[in-house]
Amino acid sequence: MAEDAMAAHPQATPSMCSFCFDVLRADLGDGKCPEDLPFDPSISVPLFVTWDTITATGESRLRGCIGSLSPTPLSQLADYTRKSAFNDRRFDPIENSEVQTLRVGVSLLVAYEEALHAFDWTIGVHGILIHFKDADGRSYNGTFLPEVAHEQGWTHEVTVRSLVRKAGFRGAESLTLEQLRGIRTTRYQSSKQKMAYEEYRAFRASEGRSSYSGVAGLPN
């Protein structure tokens, strides 16, 4: 059922991930971005670009993640590549010395549905978007991408409570299960591709061209 729903929507591709690495390397001083986009730039879909650092032991650590929950033309993928790499306020801007340790992920958010309640979604399949107001009428909203709950090992309750906290509401721990359950929730799915730097190099080599002339200290 979930696979059928996904098939009718735009899909993230390895070419999008390699394009993000092209943009990053170009911005770090290695020439220009490709003029020919390897995807249809007119397609509009909510999207996120995520950068992770892969440690020597194979663990991944978030390095930057910025996107849009509104339909966004894929022509703006380069902009979100830069924002996630250089403008995520939680992290310092990515530097040349880190590029070989990075993995990029492109997520296209699709198949939006109103959930029956805040726990009406499947861990590992759905992301959630919540919206609620406090007693003073102040609005809050936030989202977790589909992989978050699964990767963290969270239950539905822990995920929703964590998202309430992420949205900026300070009383998350005091909310009852029924209050959490009653939060307006939209669920969605994500078409996501990931590509580590070494995979990027191999992908570019398979296309018969190098990934530019090399950022200072980086191999082609």
# chains A, B, ... in the order shown; residues from 1 in each chain; ligands from 1

$ select_by_dssp --residues "region 121-217 of chain A" --states "strand (DSSP E or B)" --output "VMD selection string"
chain A and resid 127 to 133 139 to 144 184 to 196

$ write_last_selection --atoms "N, CA, C and O atoms" --output "short mmCIF file (atom, residue, chain, number, x, y, z; two decimals), in the first residue's frame"
data_model
loop_
_atom_site.label_atom_id
_atom_site.label_comp_id
_atom_site.auth_asym_id
_atom_site.auth_seq_id
_atom_site.Cartn_x
_atom_site.Cartn_y
_atom_site.Cartn_z
N GLY A 127 6.73 10.42 8.14
CA GLY A 127 7.12 11.59 8.90
C GLY A 127 5.84 12.23 9.40
O GLY A 127 4.75 11.93 8.92
N ILE A 128 5.97 13.11 10.39
CA ILE A 128 4.78 13.78 10.91
C ILE A 128 5.00 15.28 11.01
O ILE A 128 6.11 15.76 11.27
N LEU A 129 3.92 16.00 10.79
CA LEU A 129 3.88 17.45 10.94
C LEU A 129 2.77 17.76 11.92
O LEU A 129 1.62 17.35 11.72
N ILE A 130 3.09 18.43 13.03
CA ILE A 130 2.09 18.75 14.04
C ILE A 130 1.82 20.25 14.08
O ILE A 130 2.67 21.07 13.72
N HIS A 131 0.60 20.57 14.48
CA HIS A 131 0.21 21.98 14.65
C HIS A 131 -0.74 22.06 15.83
O HIS A 131 -1.72 21.31 15.91
N PHE A 132 -0.45 22.96 16.77
CA PHE A 132 -1.33 23.13 17.94
C PHE A 132 -1.16 24.52 18.52
O PHE A 132 -0.23 25.27 18.16
N LYS A 133 -2.07 24.89 19.42
CA LYS A 133 -2.02 26.18 20.10
C LYS A 133 -2.01 25.96 21.61
O LYS A 133 -2.58 24.99 22.10
N SER A 139 0.54 29.75 18.41
CA SER A 139 0.62 28.59 17.53
C SER A 139 2.01 27.96 17.55
O SER A 139 3.03 28.66 17.65
N TYR A 140 2.03 26.64 17.44
CA TYR A 140 3.28 25.88 17.36
C TYR A 140 3.17 24.86 16.24
O TYR A 140 2.09 24.30 15.98
N ASN A 141 4.27 24.61 15.56
CA ASN A 141 4.29 23.53 14.57
C ASN A 141 5.71 23.00 14.44
O ASN A 141 6.67 23.68 14.78
N GLY A 142 5.81 21.79 13.96
CA GLY A 142 7.12 21.18 13.78
C GLY A 142 6.99 19.88 13.03
O GLY A 142 5.90 19.33 12.87
N THR A 143 8.12 19.37 12.57
CA THR A 143 8.11 18.12 11.81
C THR A 143 9.32 17.27 12.14
O THR A 143 10.39 17.78 12.50
N PHE A 144 9.13 15.97 12.06
CA PHE A 144 10.22 15.00 12.06
C PHE A 144 10.12 14.22 10.76
O PHE A 144 9.04 13.74 10.39
N ARG A 184 -3.28 18.03 16.35
CA ARG A 184 -3.51 17.90 14.91
C ARG A 184 -2.23 17.46 14.22
O ARG A 184 -1.18 18.09 14.37
N THR A 185 -2.34 16.39 13.46
CA THR A 185 -1.15 15.76 12.88
C THR A 185 -1.38 15.41 11.41
O THR A 185 -2.41 14.85 11.04
N THR A 186 -0.41 15.76 10.60
CA THR A 186 -0.38 15.33 9.20
C THR A 186 0.78 14.36 9.04
O THR A 186 1.88 14.61 9.53
N ARG A 187 0.52 13.24 8.41
CA ARG A 187 1.59 12.28 8.15
C ARG A 187 1.97 12.33 6.67
O ARG A 187 1.15 12.69 5.82
N TYR A 188 3.20 11.99 6.39
CA TYR A 188 3.68 12.00 5.01
C TYR A 188 4.77 10.95 4.86
O TYR A 188 5.27 10.40 5.84
N GLN A 189 5.12 10.68 3.64
CA GLN A 189 6.22 9.77 3.35
C GLN A 189 7.35 10.53 2.67
O GLN A 189 7.18 11.69 2.28
N SER A 190 8.48 9.88 2.55
CA SER A 190 9.65 10.54 1.98
C SER A 190 10.34 9.62 1.00
O SER A 190 10.61 8.45 1.31
N SER A 191 10.61 10.14 -0.19
CA SER A 191 11.51 9.46 -1.11
C SER A 191 12.90 10.01 -0.83
O SER A 191 13.14 11.20 -1.04
N LYS A 192 13.79 9.17 -0.31
CA LYS A 192 15.10 9.67 0.11
C LYS A 192 16.23 8.87 -0.53
O LYS A 192 16.16 7.64 -0.63
N GLN A 193 17.24 9.61 -0.97
CA GLN A 193 18.49 9.01 -1.43
C GLN A 193 19.63 9.56 -0.59
O GLN A 193 19.64 10.74 -0.23
N LYS A 194 20.57 8.69 -0.26
CA LYS A 194 21.77 9.10 0.47
C LYS A 194 23.00 8.76 -0.36
O LYS A 194 22.99 7.78 -1.11
N MET A 195 24.05 9.55 -0.20
CA MET A 195 25.28 9.27 -0.93
C MET A 195 26.46 9.80 -0.13
O MET A 195 26.52 10.99 0.20
N ALA A 196 27.38 8.91 0.23
CA ALA A 196 28.61 9.31 0.90
C ALA A 196 29.61 9.82 -0.13
O ALA A 196 29.47 9.59 -1.33
#

$ closest_atom_pairs --of "region 102-175 of chain A" --to "region 44-61 of chain A" --cutoff "8 Å" --atoms "only C-alpha atoms" --output "tab-separated table"
residue	atom	partner	partner_atom	distance
A:Leu102	CA	A:Thr53	CA	4.7
A:Arg103	CA	A:Asp52	CA	5.1
A:Val104	CA	A:Trp51	CA	4.7
A:Gly105	CA	A:Thr50	CA	4.9
A:Val106	CA	A:Val49	CA	4.8
A:Ser107	CA	A:Phe48	CA	5.1
A:Leu108	CA	A:Leu47	CA	4.6
A:Leu109	CA	A:Pro46	CA	5.2
A:Val110	CA	A:Val45	CA	7.3

$ residues_around --residues "His150 (chain A)" --least-positions-apart "3" --cutoff "6 Å" --atoms "only C-alpha atoms" --output "VMD selection string"
chain A and resid 123 to 124 147 153

$ residues_around --residues "Ser174 (chain A)" --least-positions-apart "5" --cutoff "12 Å" --atoms "only C-alpha atoms" --output "PDB file with all heavy atoms, in the first residue's frame"
ATOM      1  N   ARG A 161       6.044  13.703  21.768  1.00  0.00           N
ATOM      2  CA  ARG A 161       6.442  14.577  22.878  1.00  0.00           C
ATOM      3  C   ARG A 161       7.729  15.326  22.529  1.00  0.00           C
ATOM      4  O   ARG A 161       7.864  16.523  22.828  1.00  0.00           O
ATOM      5  CB  ARG A 161       6.623  13.752  24.147  1.00  0.00           C
ATOM      6  CG  ARG A 161       6.556  14.586  25.435  1.00  0.00           C
ATOM      7  CD  ARG A 161       6.719  13.724  26.676  1.00  0.00           C
ATOM      8  NE  ARG A 161       5.638  12.776  26.870  1.00  0.00           N
ATOM      9  CZ  ARG A 161       4.469  13.081  27.429  1.00  0.00           C
ATOM     10  NH1 ARG A 161       4.238  14.310  27.854  1.00  0.00           N
ATOM     11  NH2 ARG A 161       3.532  12.152  27.584  1.00  0.00           N
ATOM     12  N   VAL A 164       6.843  18.093  20.090  1.00  0.00           N
ATOM     13  CA  VAL A 164       6.207  19.212  20.796  1.00  0.00           C
ATOM     14  C   VAL A 164       7.279  20.098  21.428  1.00  0.00           C
ATOM     15  O   VAL A 164       7.232  21.330  21.355  1.00  0.00           O
ATOM     16  CB  VAL A 164       5.227  18.694  21.865  1.00  0.00           C
ATOM     17  CG1 VAL A 164       4.784  19.826  22.793  1.00  0.00           C
ATOM     18  CG2 VAL A 164       4.013  18.047  21.205  1.00  0.00           C
ATOM     19  N   ARG A 165       8.275  19.455  22.017  1.00  0.00           N
ATOM     20  CA  ARG A 165       9.377  20.198  22.626  1.00  0.00           C
ATOM     21  C   ARG A 165      10.177  20.933  21.553  1.00  0.00           C
ATOM     22  O   ARG A 165      10.537  22.111  21.722  1.00  0.00           O
ATOM     23  CB  ARG A 165      10.280  19.226  23.392  1.00  0.00           C
ATOM     24  CG  ARG A 165      11.321  19.897  24.276  1.00  0.00           C
ATOM     25  CD  ARG A 165      12.216  18.863  24.946  1.00  0.00           C
ATOM     26  NE  ARG A 165      11.438  17.850  25.650  1.00  0.00           N
ATOM     27  CZ  ARG A 165      11.389  16.565  25.297  1.00  0.00           C
ATOM     28  NH1 ARG A 165      12.062  16.137  24.239  1.00  0.00           N
ATOM     29  NH2 ARG A 165      10.681  15.710  25.987  1.00  0.00           N
ATOM     30  N   PHE A 169       7.345  24.431  22.583  1.00  0.00           N
ATOM     31  CA  PHE A 169       6.407  24.416  23.707  1.00  0.00           C
ATOM     32  C   PHE A 169       7.119  23.898  24.952  1.00  0.00           C
ATOM     33  O   PHE A 169       7.680  22.812  24.943  1.00  0.00           O
ATOM     34  CB  PHE A 169       5.205  23.533  23.383  1.00  0.00           C
ATOM     35  CG  PHE A 169       4.157  23.514  24.447  1.00  0.00           C
ATOM     36  CD1 PHE A 169       3.356  24.619  24.668  1.00  0.00           C
ATOM     37  CD2 PHE A 169       3.963  22.380  25.225  1.00  0.00           C
ATOM     38  CE1 PHE A 169       2.372  24.606  25.657  1.00  0.00           C
ATOM     39  CE2 PHE A 169       2.995  22.353  26.218  1.00  0.00           C
ATOM     40  CZ  PHE A 169       2.196  23.466  26.418  1.00  0.00           C
ATOM     41  N   GLN A 179      -3.859  14.310  25.659  1.00  0.00           N
ATOM     42  CA  GLN A 179      -3.540  15.619  25.094  1.00  0.00           C
ATOM     43  C   GLN A 179      -2.598  15.468  23.896  1.00  0.00           C
ATOM     44  O   GLN A 179      -2.766  16.140  22.882  1.00  0.00           O
ATOM     45  CB  GLN A 179      -2.921  16.516  26.170  1.00  0.00           C
ATOM     46  CG  GLN A 179      -3.914  17.010  27.199  1.00  0.00           C
ATOM     47  CD  GLN A 179      -3.245  17.782  28.318  1.00  0.00           C
ATOM     48  OE1 GLN A 179      -2.199  17.382  28.835  1.00  0.00           O
ATOM     49  NE2 GLN A 179      -3.866  18.891  28.712  1.00  0.00           N
ATOM     50  N   LEU A 180      -1.610  14.589  24.031  1.00  0.00           N
ATOM     51  CA  LEU A 180      -0.708  14.345  22.904  1.00  0.00           C
ATOM     52  C   LEU A 180      -1.476  13.767  21.720  1.00  0.00           C
ATOM     53  O   LEU A 180      -1.305  14.195  20.581  1.00  0.00           O
ATOM     54  CB  LEU A 180       0.399  13.371  23.317  1.00  0.00           C
ATOM     55  CG  LEU A 180       1.492  13.891  24.245  1.00  0.00           C
ATOM     56  CD1 LEU A 180       2.417  12.752  24.641  1.00  0.00           C
ATOM     57  CD2 LEU A 180       2.286  15.022  23.608  1.00  0.00           C
TER      58      LEU A 180
END

$ closest_residue --among "A:Val160, A:Leu28, A:Ala12, A:Leu37" --to "Trp121 (chain A)" --atoms "only C-alpha atoms"
A:Val160

$ closest_residue --among "A:Ala202, A:Met16, A:Ala26, A:Ala118" --to "Pro38 (chain A)" --atoms "only C-alpha atoms"
A:Met16

$ closest_residue --among "A:Thr176, A:Thr155, A:Ser42, A:Ser18" --to "Thr122 (chain A)" --atoms "only C-alpha atoms"
A:Thr155

$ closest_residue --among "A:Asp36, A:Ala167, A:Arg25, A:His156" --to "Arg138 (chain A)" --atoms "only C-alpha atoms"
A:Ala167

$ closest_residue --among "A:Glu198, A:Pro41, A:Glu173, A:Ser206" --to "Thr72 (chain A)" --atoms "only C-alpha atoms"
A:Pro41
